[in-house]
>>> print(open('start_17.cif').read())   # mmCIF, C-alpha atoms
data_target
#
loop_
_atom_site.group_PDB
_atom_site.id
_atom_site.type_symbol
_atom_site.label_atom_id
_atom_site.label_comp_id
_atom_site.auth_asym_id
_atom_site.auth_seq_id
_atom_site.Cartn_x
_atom_site.Cartn_y
_atom_site.Cartn_z
ATOM 1 C CA MET I 88 -34.836 -21.250 -22.620
ATOM 2 C CA ARG I 89 -35.426 -23.459 -25.609
ATOM 3 C CA HIS I 90 -32.364 -25.553 -24.654
ATOM 4 C CA VAL I 91 -33.668 -26.034 -21.137
ATOM 5 C CA GLN I 92 -36.985 -27.269 -22.508
ATOM 6 C CA ALA I 93 -35.222 -29.621 -24.920
ATOM 7 C CA ILE I 94 -33.182 -31.120 -22.085
ATOM 8 C CA ASP I 95 -36.335 -31.449 -19.973
ATOM 9 C CA MET I 96 -38.015 -33.411 -22.734
ATOM 10 C CA GLN I 97 -35.048 -35.719 -23.176
ATOM 11 C CA HIS I 98 -34.462 -36.498 -19.511
ATOM 12 C CA GLY I 99 -37.939 -35.988 -18.113
ATOM 13 C CA PRO I 100 -39.089 -33.258 -15.770
ATOM 14 C CA LEU I 101 -36.394 -31.728 -13.558
ATOM 15 C CA SER I 102 -36.683 -32.424 -9.900
ATOM 16 C CA ILE I 103 -34.596 -31.876 -6.796
ATOM 17 C CA ASN I 104 -33.164 -35.373 -7.140
ATOM 18 C CA SER I 105 -31.950 -34.769 -10.734
ATOM 19 C CA SER I 106 -28.353 -35.431 -11.504
ATOM 20 C CA PRO I 107 -26.025 -32.468 -10.918
ATOM 21 C CA ILE I 108 -24.249 -33.252 -14.184
ATOM 22 C CA ILE I 109 -27.451 -32.586 -16.138
ATOM 23 C CA PHE I 110 -27.926 -29.300 -14.313
ATOM 24 C CA GLN I 111 -24.320 -28.254 -15.018
ATOM 25 C CA SER I 112 -24.619 -29.118 -18.696
ATOM 26 C CA MET I 113 -27.792 -27.015 -18.937
ATOM 27 C CA MET I 114 -26.049 -24.070 -17.286
ATOM 28 C CA LEU I 115 -23.076 -24.363 -19.664
ATOM 29 C CA GLN I 116 -25.382 -24.462 -22.698
ATOM 30 C CA VAL I 117 -27.243 -21.334 -21.586
ATOM 31 C CA ALA I 118 -23.947 -19.508 -20.920
ATOM 32 C CA LYS I 119 -22.682 -20.505 -24.369
ATOM 33 C CA ASP I 120 -25.816 -19.108 -26.010
ATOM 34 C CA LEU I 121 -25.481 -15.834 -24.107
ATOM 35 C CA LEU I 122 -21.836 -15.448 -25.160
ATOM 36 C CA GLU I 123 -22.706 -16.033 -28.805
ATOM 37 C CA ALA I 124 -25.490 -13.437 -28.616
ATOM 38 C CA GLU I 125 -23.062 -10.891 -27.065
ATOM 39 C CA GLU I 126 -20.527 -11.461 -29.843
ATOM 40 C CA ILE I 127 -23.157 -10.914 -32.537
ATOM 41 C CA GLN I 128 -24.317 -7.732 -30.794
ATOM 42 C CA LYS I 129 -20.754 -6.373 -30.595
ATOM 43 C CA VAL I 130 -20.199 -6.979 -34.316
ATOM 44 C CA GLN I 131 -23.438 -5.162 -35.153
ATOM 45 C CA GLU I 132 -22.512 -2.197 -32.926
ATOM 46 C CA ARG I 133 -19.080 -1.969 -34.550
ATOM 47 C CA GLU I 134 -20.592 -1.944 -38.050
ATOM 48 C CA LYS I 135 -23.100 0.729 -37.053
ATOM 49 C CA TYR I 136 -20.386 2.935 -35.556
ATOM 50 C CA MET I 137 -18.253 2.648 -38.701
ATOM 51 C CA GLU I 138 -21.227 3.578 -40.915
ATOM 52 C CA ASP I 139 -22.041 6.627 -38.763
ATOM 53 C CA ASN I 140 -18.513 7.992 -38.242
ATOM 54 C CA CYS I 141 -16.604 6.844 -41.326
ATOM 55 C CA PRO I 142 -18.210 7.620 -44.673
ATOM 56 C CA PRO I 143 -17.408 5.187 -47.468
ATOM 57 C CA LEU I 144 -14.215 6.004 -49.351
ATOM 58 C CA VAL I 145 -14.754 7.409 -52.802
ATOM 59 C CA LEU I 146 -11.573 7.366 -54.858
ATOM 60 C CA PRO I 147 -11.347 10.243 -57.349
ATOM 61 C CA GLY I 148 -10.665 9.558 -60.968
ATOM 62 C CA SER I 149 -7.928 12.119 -61.662
ATOM 63 C CA LYS I 150 -4.428 12.357 -60.244
ATOM 64 C CA GLU I 151 -4.887 15.881 -58.856
ATOM 65 C CA GLU I 152 -8.024 14.907 -56.948
ATOM 66 C CA LEU I 153 -6.172 11.923 -55.514
ATOM 67 C CA GLN I 154 -3.287 14.177 -54.378
ATOM 68 C CA ASN I 155 -5.735 16.583 -52.736
ATOM 69 C CA LEU I 156 -7.366 13.654 -50.920
ATOM 70 C CA CYS I 157 -3.937 12.494 -49.682
ATOM 71 C CA ARG I 158 -3.159 16.026 -48.420
ATOM 72 C CA GLU I 159 -6.446 16.159 -46.542
ATOM 73 C CA LEU I 160 -5.792 12.765 -44.976
ATOM 74 C CA HIS I 161 -2.262 13.815 -43.952
ATOM 75 C CA SER I 162 -3.539 17.012 -42.342
ATOM 76 C CA LYS I 163 -6.158 15.006 -40.408
ATOM 77 C CA ILE I 164 -3.452 12.562 -39.307
ATOM 78 C CA ASP I 165 -1.287 15.467 -38.075
ATOM 79 C CA VAL I 166 -4.161 16.892 -36.035
ATOM 80 C CA ILE I 167 -4.907 13.490 -34.522
ATOM 81 C CA ASP I 168 -1.207 12.921 -33.699
ATOM 82 C CA GLU I 169 -1.058 16.284 -31.905
ATOM 83 C CA GLU I 170 -4.143 15.405 -29.878
ATOM 84 C CA ARG I 171 -2.709 11.990 -29.068
ATOM 85 C CA TYR I 172 0.591 13.534 -27.930
ATOM 86 C CA ILE I 173 -1.207 16.055 -25.712
ATOM 87 C CA LEU I 174 -3.386 13.327 -24.205
ATOM 88 C CA GLU I 175 -0.385 11.069 -23.535
ATOM 89 C CA HIS I 176 1.503 13.948 -21.928
ATOM 90 C CA THR I 177 -1.394 14.870 -19.665
ATOM 91 C CA ALA I 178 -1.961 11.212 -18.773
ATOM 92 C CA ASP I 179 1.712 10.792 -17.800
ATOM 93 C CA ARG I 180 1.604 13.980 -15.731
ATOM 94 C CA VAL I 181 -1.552 12.832 -13.941
ATOM 95 C CA CYS I 182 -0.015 9.406 -13.266
ATOM 96 C CA ASN I 183 3.076 11.043 -11.764
ATOM 97 C CA GLU I 184 0.898 13.279 -9.594
ATOM 98 C CA VAL I 185 -1.059 10.243 -8.411
ATOM 99 C CA LYS I 186 2.176 8.456 -7.502
ATOM 100 C CA ASP I 187 3.424 11.507 -5.593
ATOM 101 C CA LEU I 188 0.126 11.820 -3.734
ATOM 102 C CA ASN I 189 0.206 8.113 -2.846
ATOM 103 C CA ILE I 190 3.710 8.550 -1.447
ATOM 104 C CA LYS I 191 2.548 11.553 0.593
ATOM 105 C CA ILE I 192 -0.420 9.562 1.906
ATOM 106 C CA VAL I 193 1.825 6.721 2.995
ATOM 107 C CA ASP I 194 4.176 9.199 4.666
ATOM 108 C CA LEU I 195 1.313 10.887 6.493
ATOM 109 C CA LYS I 196 -0.134 7.607 7.688
ATOM 110 C CA GLY I 197 3.208 6.478 9.003
ATOM 111 C CA LYS I 198 2.355 3.026 7.796
ATOM 112 C CA PHE I 199 5.865 1.670 7.928
ATOM 113 C CA LYS I 200 7.108 0.707 11.350
ATOM 114 C CA LYS I 201 10.784 0.563 12.042
ATOM 115 C CA PRO I 202 11.784 -3.019 12.757
ATOM 116 C CA PRO I 203 13.615 -3.694 15.992
ATOM 117 C CA LEU I 204 17.328 -3.739 15.344
ATOM 118 C CA LYS I 205 19.326 -6.812 16.243
ATOM 119 C CA LYS I 206 22.521 -6.567 18.191
ATOM 120 C CA VAL I 207 25.439 -7.613 16.054
ATOM 121 C CA ARG I 208 28.886 -8.200 17.409
ATOM 122 C CA MET I 209 31.316 -6.887 14.889
ATOM 123 C CA SER I 210 34.805 -5.588 15.235
ATOM 124 C CA ALA I 211 35.767 -2.232 13.831
ATOM 125 C CA ASP I 212 37.826 -3.925 11.092
ATOM 126 C CA ALA I 213 34.889 -6.084 10.033
ATOM 127 C CA MET I 214 32.573 -3.075 10.057
ATOM 128 C CA LEU I 215 34.870 -1.046 7.817
ATOM 129 C CA GLN I 216 35.345 -4.012 5.509
ATOM 130 C CA ALA I 217 31.559 -4.400 5.231
ATOM 131 C CA LEU I 218 31.125 -0.698 4.476
ATOM 132 C CA LEU I 219 34.039 -0.240 2.093
ATOM 133 C CA GLY I 220 34.030 -3.674 0.502
ATOM 134 C CA SER I 221 36.715 -6.272 0.256
ATOM 135 C CA LYS I 222 38.840 -4.179 -2.126
ATOM 136 C CA HIS I 223 39.927 -1.741 0.555
ATOM 137 C CA LYS I 224 42.158 -3.188 3.191
ATOM 138 C CA VAL I 225 41.834 -1.093 6.298
ATOM 139 C CA ASN I 226 43.373 -2.085 9.552
ATOM 140 C CA LEU I 227 41.858 -0.163 12.348
ATOM 141 C CA ASP I 228 43.942 -0.586 15.431
ATOM 142 C CA LEU I 229 42.530 2.121 17.624
ATOM 143 C CA ARG I 230 45.090 1.668 20.337
ATOM 144 C CA ALA I 231 47.950 2.201 17.895
ATOM 145 C CA ASN I 232 46.453 5.508 16.790
ATOM 146 C CA LEU I 233 46.197 6.848 20.305
ATOM 147 C CA LYS I 234 48.906 9.149 21.551
ATOM 148 C CA GLN I 235 51.127 7.752 24.215
ATOM 149 C CA VAL I 236 51.046 9.946 27.289
ATOM 150 C CA LYS I 237 53.660 9.307 29.890
ATOM 151 C CA LYS I 238 52.964 10.313 33.398
ATOM 152 C CA GLU I 239 55.487 12.701 34.809
ATOM 153 C CA VAL I 240 56.618 11.660 38.206
ATOM 154 C CA LYS I 241 56.670 14.669 40.440
ATOM 155 C CA GLU I 242 59.394 14.633 42.968
ATOM 156 C CA GLU I 243 57.940 15.092 46.331
ATOM 157 C CA PRO I 244 59.967 17.461 48.450
ATOM 158 C CA ALA I 245 61.946 15.619 51.035
ATOM 159 C CA GLU I 246 60.688 15.908 54.453
ATOM 160 C CA VAL I 247 62.101 18.919 56.022
ATOM 161 C CA GLY I 248 63.720 17.876 59.201
ATOM 162 C CA ASP I 249 65.961 19.436 61.705
ATOM 163 C CA TRP I 250 68.867 20.925 59.775
ATOM 164 C CA ARG I 251 71.163 20.663 62.707
ATOM 165 C CA LYS I 252 70.825 16.925 62.741
ATOM 166 C CA ASN I 253 71.818 16.721 59.067
ATOM 167 C CA ILE I 254 74.886 18.812 59.606
ATOM 168 C CA GLU I 255 75.991 16.742 62.550
ATOM 169 C CA ASP I 256 75.565 13.571 60.483
ATOM 170 C CA LYS I 257 77.615 15.021 57.671
ATOM 171 C CA ALA I 258 80.311 16.449 59.890
ATOM 172 C CA GLY I 259 83.722 14.817 59.758
ATOM 173 C CA MET I 260 84.891 12.133 57.452
ATOM 174 C CA GLY I 261 81.897 9.984 58.150
ATOM 175 C CA GLY I 262 79.594 12.805 57.111
ATOM 176 C CA ARG I 263 81.376 13.319 53.812
ATOM 177 C CA LYS I 264 81.126 9.667 53.093
ATOM 178 C CA LYS I 265 77.365 9.797 53.630
ATOM 179 C CA MET I 266 77.138 12.847 51.342
ATOM 180 C CA PHE I 267 78.860 11.005 48.502
ATOM 181 C CA GLU I 268 76.782 7.929 49.035
ATOM 182 C CA SER I 269 73.497 9.875 48.900
ATOM 183 C CA GLU I 270 74.466 11.635 45.647
ATOM 184 C CA ALA I 271 75.538 8.512 43.913
#
>>> encode(input="start_17.cif", output="structure tokens")
Amino acid sequence: MRHVQAIDMQHGPLSINSSPIIFQSMMLQVAKDLLEAEEIQKVQEREKYMEDNCPPLVLPGSKEELQNLCRELHSKIDVIDEERYILEHTADRVCNEVKDLNIKIVDLKGKFKKPPLKKVRMSADAMLQALLGSKHKVNLDLRANLKQVKKEVKEEPAEVGDWRKNIEDKAGMGGRKKMFESEA
């Protein structure tokens, strides 16, 4: 507030028609003061916490007392490391559970829609090459792999006619000639 009053005295009373630059500079000055006050408060809180939780270090005069102090500090460090490990392990487990639950939620919502598939014209050779890669040379000629089936022509029985007529035609030399001609 004291900065605002100082600016008012320098530039006269503030009014609606005052320059926006003056207003902005006042706002920046107030923000700067607030940030400085927060920093000082944080430093004081940190010092108070250290005084309450960490007693001042008193170094013993003899070597044995110093070794005992080191043992105590090492045992405290071990306990703290165990706690830290347990906390990290539980935090990782909880994070994994959260990820699994998020996946289940997404699955239950059915959030992902299947995109419409585009029609692609691709030969069987190109499809196999795309699937197997360019290293494998596969020639897929489907017609070559099919079995060839030949149709059996069934002989239709000759029309049964009058047998006497056939015998008369075959009688004599002329009939034998016709018989040989039909067989050949």
>>> atom_distance(input="start_17.cif", atom1="atom CA of Gln131 of chain I", atom2="atom CA of Leu115 of chain I")
24.7 Å
>>> atom_distance(input="start_17.cif", atom1="atom CA of Thr177 of chain I", atom2="atom CA of Ile192 of chain I")
22.2 Å
>>> atom_distance(input="start_17.cif", atom1="atom CA of Glu138 of chain I", atom2="atom CA of Leu121 of chain I")
26.0 Å
>>> axis_aligned_box(input="start_17.cif", around="segment 118-121 of chain I", padding_each_side="8 Å", output="JSON")
{"center_x": -24.2, "center_y": -18.2, "center_z": -23.5, "size_x": 19.1, "size_y": 20.7, "size_z": 21.1}
